[in-house]
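Visitor: Data: model_12.cif, mmCIF, C-alpha atoms; chains and numbers go by the auth columns.
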```
data_final
loop_
_atom_site.group_PDB
_atom_site.id
_atom_site.type_symbol
_atom_site.label_atom_id
_atom_site.label_comp_id
_atom_site.label_asym_id
_atom_site.label_seq_id
_atom_site.Cartn_x
_atom_site.Cartn_y
_atom_site.Cartn_z
_atom_site.B_iso_or_equiv
_atom_site.auth_seq_id
_atom_site.auth_asym_id
ATOM 1 C CA MET A 1 0.000 0.000 0.000 0.00 995 A
ATOM 2 C CA ASP A 2 1.370 3.382 -1.036 0.00 996 A
ATOM 3 C CA ILE A 3 0.857 5.963 1.707 0.00 997 A
ATOM 4 C CA LYS A 4 0.562 9.557 0.511 0.00 998 A
ATOM 5 C CA PRO A 5 0.545 12.078 3.358 0.00 999 A
ATOM 6 C CA THR A 6 -1.586 15.183 2.977 0.00 1000 A
ATOM 7 C CA GLU A 7 -0.040 18.655 3.154 0.00 1001 A
ATOM 8 C CA SER A 8 -1.114 18.998 6.805 0.00 1002 A
ATOM 9 C CA GLU A 9 0.326 15.586 7.636 0.00 1003 A
ATOM 10 C CA LEU A 10 3.619 16.578 5.994 0.00 1004 A
ATOM 11 C CA GLU A 11 3.740 19.713 8.166 0.00 1005 A
ATOM 12 C CA ILE A 12 3.332 17.519 11.251 0.00 1006 A
ATOM 13 C CA LEU A 13 5.949 15.079 9.980 0.00 1007 A
ATOM 14 C CA GLN A 14 8.390 17.984 9.505 0.00 1008 A
ATOM 15 C CA VAL A 15 8.095 18.778 13.209 0.00 1009 A
ATOM 16 C CA ILE A 16 8.539 15.135 14.213 0.00 1010 A
ATOM 17 C CA TRP A 17 11.507 14.667 11.855 0.00 1011 A
ATOM 18 C CA ASN A 18 13.190 17.715 13.406 0.00 1012 A
ATOM 19 C CA LYS A 19 12.561 16.667 17.002 0.00 1013 A
ATOM 20 C CA GLY A 20 12.845 12.879 16.707 0.00 1014 A
ATOM 21 C CA GLN A 21 9.814 12.107 18.802 0.00 1015 A
ATOM 22 C CA CYS A 22 7.328 14.419 20.422 0.00 1016 A
ATOM 23 C CA THR A 23 3.957 14.886 22.002 0.00 1017 A
ATOM 24 C CA VAL A 24 0.881 16.366 20.370 0.00 1018 A
ATOM 25 C CA ARG A 25 1.527 19.518 22.406 0.00 1019 A
ATOM 26 C CA ASP A 26 5.082 19.773 21.025 0.00 1020 A
ATOM 27 C CA VAL A 27 3.763 19.530 17.469 0.00 1021 A
ATOM 28 C CA HIS A 28 0.886 21.910 18.123 0.00 1022 A
ATOM 29 C CA GLU A 29 3.149 24.578 19.661 0.00 1023 A
ATOM 30 C CA GLN A 30 5.516 24.401 16.701 0.00 1024 A
ATOM 31 C CA LEU A 31 2.702 24.584 14.131 0.00 1025 A
ATOM 32 C CA ALA A 32 1.029 27.465 15.999 0.00 1026 A
ATOM 33 C CA LYS A 33 4.087 29.618 15.245 0.00 1027 A
ATOM 34 C CA THR A 34 3.217 29.684 11.563 0.00 1028 A
ATOM 35 C CA LYS A 35 -0.460 28.785 11.225 0.00 1029 A
ATOM 36 C CA ASP A 36 -3.746 28.965 13.053 0.00 1030 A
ATOM 37 C CA ALA A 37 -4.346 25.370 14.123 0.00 1031 A
ATOM 38 C CA GLY A 38 -6.327 24.182 17.103 0.00 1032 A
ATOM 39 C CA TYR A 39 -4.885 21.630 19.514 0.00 1033 A
ATOM 40 C CA THR A 40 -7.747 19.195 18.925 0.00 1034 A
ATOM 41 C CA THR A 41 -7.211 19.428 15.155 0.00 1035 A
ATOM 42 C CA THR A 42 -3.536 18.548 15.613 0.00 1036 A
ATOM 43 C CA LEU A 43 -4.492 15.684 17.928 0.00 1037 A
ATOM 44 C CA LYS A 44 -7.042 14.298 15.454 0.00 1038 A
ATOM 45 C CA LEU A 45 -4.613 14.545 12.537 0.00 1039 A
ATOM 46 C CA MET A 46 -1.930 12.713 14.522 0.00 1040 A
ATOM 47 C CA GLN A 47 -4.432 9.975 15.444 0.00 1041 A
ATOM 48 C CA ILE A 48 -5.305 9.597 11.748 0.00 1042 A
ATOM 49 C CA MET A 49 -1.593 9.515 10.895 0.00 1043 A
ATOM 50 C CA HIS A 50 -1.150 6.708 13.431 0.00 1044 A
ATOM 51 C CA ASP A 51 -4.018 4.769 11.850 0.00 1045 A
ATOM 52 C CA LYS A 52 -2.464 5.279 8.384 0.00 1046 A
ATOM 53 C CA GLY A 53 0.940 4.040 9.568 0.00 1047 A
ATOM 54 C CA LEU A 54 2.731 7.374 9.164 0.00 1048 A
ATOM 55 C CA VAL A 55 3.675 7.577 12.848 0.00 1049 A
ATOM 56 C CA GLU A 56 3.918 5.237 15.791 0.00 1050 A
ATOM 57 C CA ARG A 57 2.641 6.141 19.238 0.00 1051 A
ATOM 58 C CA ASP A 58 4.240 5.175 22.534 0.00 1052 A
ATOM 59 C CA THR A 59 1.432 4.899 25.076 0.00 1053 A
ATOM 60 C CA THR A 60 3.488 3.620 28.018 0.00 1054 A
ATOM 61 C CA SER A 61 3.182 6.941 29.836 0.00 1055 A
ATOM 62 C CA LYS A 62 0.294 9.342 30.308 0.00 1056 A
ATOM 63 C CA THR A 63 1.705 11.667 27.651 0.00 1057 A
ATOM 64 C CA HIS A 64 1.889 9.803 24.357 0.00 1058 A
ATOM 65 C CA LEU A 65 5.043 10.184 22.293 0.00 1059 A
ATOM 66 C CA TYR A 66 4.877 10.065 18.511 0.00 1060 A
ATOM 67 C CA LYS A 67 7.701 8.996 16.216 0.00 1061 A
ATOM 68 C CA ALA A 68 7.745 9.108 12.413 0.00 1062 A
ATOM 69 C CA LEU A 69 7.480 5.831 10.515 0.00 1063 A
ATOM 70 C CA PHE A 70 7.264 7.640 7.176 0.00 1064 A
ATOM 71 C CA THR A 71 10.776 8.935 6.476 0.00 1065 A
ATOM 72 C CA GLN A 72 11.737 12.342 5.176 0.00 1066 A
ATOM 73 C CA GLU A 73 13.615 10.647 2.336 0.00 1067 A
ATOM 74 C CA ARG A 74 10.467 8.799 1.284 0.00 1068 A
ATOM 75 C CA ALA A 75 8.423 12.011 1.369 0.00 1069 A
ATOM 76 C CA GLN A 76 11.032 13.806 -0.745 0.00 1070 A
ATOM 77 C CA SER A 77 11.176 10.916 -3.199 0.00 1071 A
ATOM 78 C CA ASN A 78 7.377 10.784 -3.540 0.00 1072 A
ATOM 79 C CA ALA A 79 7.126 14.553 -4.038 0.00 1073 A
ATOM 80 C CA LEU A 80 9.969 14.604 -6.543 0.00 1074 A
ATOM 81 C CA ASP A 81 8.511 11.681 -8.504 0.00 1075 A
ATOM 82 C CA LYS A 82 5.150 13.445 -8.703 0.00 1076 A
ATOM 83 C CA ILE A 83 6.641 16.785 -9.784 0.00 1077 A
ATOM 84 C CA LEU A 84 8.991 15.122 -12.257 0.00 1078 A
ATOM 85 C CA SER A 85 6.234 13.125 -13.925 0.00 1079 A
ATOM 86 C CA THR A 86 3.471 15.752 -13.908 0.00 1080 A
ATOM 87 C CA VAL A 87 5.217 19.100 -14.263 0.00 1081 A
ATOM 88 C CA PHE A 88 8.399 18.163 -16.115 0.00 1082 A
ATOM 89 C CA LYS A 89 7.010 15.214 -18.145 0.00 1083 A
ATOM 90 C CA GLY A 90 9.818 12.983 -16.875 0.00 1084 A
ATOM 91 C CA SER A 91 12.684 15.304 -17.876 0.00 1085 A
ATOM 92 C CA THR A 92 15.268 15.291 -15.097 0.00 1086 A
ATOM 93 C CA SER A 93 17.388 17.875 -16.915 0.00 1087 A
ATOM 94 C CA ASP A 94 14.452 20.317 -17.160 0.00 1088 A
ATOM 95 C CA LEU A 95 13.801 19.874 -13.435 0.00 1089 A
ATOM 96 C CA VAL A 96 17.441 20.529 -12.478 0.00 1090 A
ATOM 97 C CA ILE A 97 17.791 23.487 -14.840 0.00 1091 A
ATOM 98 C CA GLN A 98 14.591 25.028 -13.492 0.00 1092 A
ATOM 99 C CA ALA A 99 15.643 24.453 -9.876 0.00 1093 A
ATOM 100 C CA LEU A 100 19.097 25.946 -10.363 0.00 1094 A
ATOM 101 C CA GLY A 101 17.809 28.775 -12.559 0.00 1095 A
ATOM 102 C CA GLN A 102 15.128 29.900 -10.126 0.00 1096 A
ATOM 103 C CA HIS A 103 16.924 29.509 -6.796 0.00 1097 A
ATOM 104 C CA ARG A 104 20.383 30.672 -5.869 0.00 1098 A
ATOM 105 C CA ALA A 105 22.476 27.731 -4.742 0.00 1099 A
ATOM 106 C CA SER A 106 25.317 28.418 -2.324 0.00 1100 A
ATOM 107 C CA ALA A 107 28.910 27.618 -3.283 0.00 1101 A
ATOM 108 C CA ASP A 108 28.753 24.589 -0.976 0.00 1102 A
ATOM 109 C CA GLU A 109 25.563 23.360 -2.654 0.00 1103 A
ATOM 110 C CA ILE A 110 27.123 23.779 -6.115 0.00 1104 A
ATOM 111 C CA ASP A 111 30.193 21.814 -4.947 0.00 1105 A
ATOM 112 C CA THR A 112 27.935 19.066 -3.581 0.00 1106 A
ATOM 113 C CA ILE A 113 26.062 18.896 -6.897 0.00 1107 A
ATOM 114 C CA LYS A 114 29.320 18.779 -8.878 0.00 1108 A
ATOM 115 C CA ASN A 115 30.680 16.010 -6.656 0.00 1109 A
ATOM 116 C CA PHE A 116 27.454 14.039 -7.061 0.00 1110 A
ATOM 117 C CA LEU A 117 27.559 14.394 -10.844 0.00 1111 A
ATOM 118 C CA ASN A 118 31.236 13.392 -10.940 0.00 1112 A
ATOM 119 C CA GLN A 119 30.471 10.321 -8.828 0.00 1113 A
ATOM 120 C CA PHE A 120 27.456 9.545 -11.028 0.00 1114 A
ATOM 121 C CA ASP A 121 29.726 9.753 -14.087 0.00 1115 A
ATOM 122 C CA GLN A 122 32.286 7.418 -12.489 0.00 1116 A
ATOM 123 C CA ASP A 123 29.593 4.880 -11.567 0.00 1117 A
ATOM 124 C CA LYS A 124 28.369 4.775 -15.192 0.00 1118 A
ATOM 125 C CA LYS A 125 31.848 3.910 -16.533 0.00 1119 A
#
```
Just dump the structure as structure tokens.

Guide:
Amino acid sequence: MDIKPTESELEILQVIWNKGQCTVRDVHEQLAKTKDAGYTTTLKLMQIMHDKGLVERDTTSKTHLYKALFTQERAQSNALDKILSTVFKGSTSDLVIQALGQHRASADEIDTIKNFLNQFDQDKK
């Protein structure tokens, strides 16, 4: 079964990925900094996420701790696959050119990209 988190679920996952594991209150307080979300809404979404298999819940103490089961790498891969196939019609070069043309990459990021491409070239030989 292919799990596809909603935008709200991805926002919650971002908080959990950054903190490792956290309570509903932790997530709610972080989300409240940037959006108007009620505590009970956050709680309900996290319960749904648990039912969907996106997070696991430790219920051994009164305050439940949530931990991500859906990895950040998987979310990035899913999002990239969708954008690549729908927006760029499968053209990796168009995607990379657009990304680099629209957003300033730092010198370190450019070096990382160059190193990746060099390694990719070596692996193909």

Visitor: Go ahead and compute the interatomic distance for atom CA of Lys1013 of chain A and atom CA of Lys1061 of chain A, in Å to one decimal.

Guide: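 Going from atom CA of Lys1013 of chain A over to atom CA of Lys1061 of chain A covers 9.1 Å.
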
Visitor: Hey, can you check how far atom CA of Leu1007 of chain A sits from atom CA of Tyr1060 of chain A?

Guide: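 Atom-to-atom, atom CA of Leu1007 of chain A and atom CA of Tyr1060 of chain A are spaced 10.0 Å apart.
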
Visitor: Can you translate the PyMOL selection byres ((chain A and resi 1012) around 12) into the concrete residues it hits in this file, as a list in words?

Guide: Glu1005, Ile1006, Leu1007, Gln1008, Val1009, Ile1010, Trp1011, Lys1013, Gly1014, Gln1015, Cys1016, Asp1020, Val1021, Gln1024, Lys1061, Ala1062, Thr1065 and Gln1066 of chain A

Visitor: Using the chain letters and numbering of this document, enumerate as number ranges by chain the residues selected by the PyMOL selection byres ((chain A and resi 1033) around 8).

Guide: A: 1018-1019, 1022, 1031-1032, 1034-1037

Visitor: Translate the PyMOL selection byres ((chain A and resi 1063) around 6), as applied to the file shown, into an explicit residue set as a PDB file with C-alpha atoms, in the frame of the given file.

Guide:
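Below you can see expr04.pdb, which holds the result:
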```
ATOM      1  CA  LEU A1048       2.731   7.374   9.164  1.00  0.00           C
ATOM      2  CA  VAL A1049       3.675   7.577  12.848  1.00  0.00           C
ATOM      3  CA  ALA A1062       7.745   9.108  12.413  1.00  0.00           C
ATOM      4  CA  PHE A1064       7.264   7.640   7.176  1.00  0.00           C
TER       5      PHE A1064
END
```

Visitor: So how far away is atom CA of Asp1105 of chain A from atom CA of Leu1078 of chain A, in Å?

Guide: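 Atom CA of Asp1105 of chain A lies 23.4 Å from atom CA of Leu1078 of chain A.
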
Visitor: Looking at A:Asn1072, A:Thr1080, A:Thr1054, A:Gln1113, which one is nearest to Ile997 of chain A, with distances taken over only C-alpha atoms?

Guide: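 Looking at the shortest contact to Ile997 of chain A, the residue is A:Asn1072.
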
Visitor: Draw an axis-aligned box tight on the listed atoms of segment 1008-1022 of chain A, then pad every side by 6 Å and write out centre and edge lengths in Å to one decimal as JSON.

Guide:
```
{"center_x": 7.0, "center_y": 17.0, "center_z": 16.0, "size_x": 24.3, "size_y": 21.8, "size_z": 24.9}
```
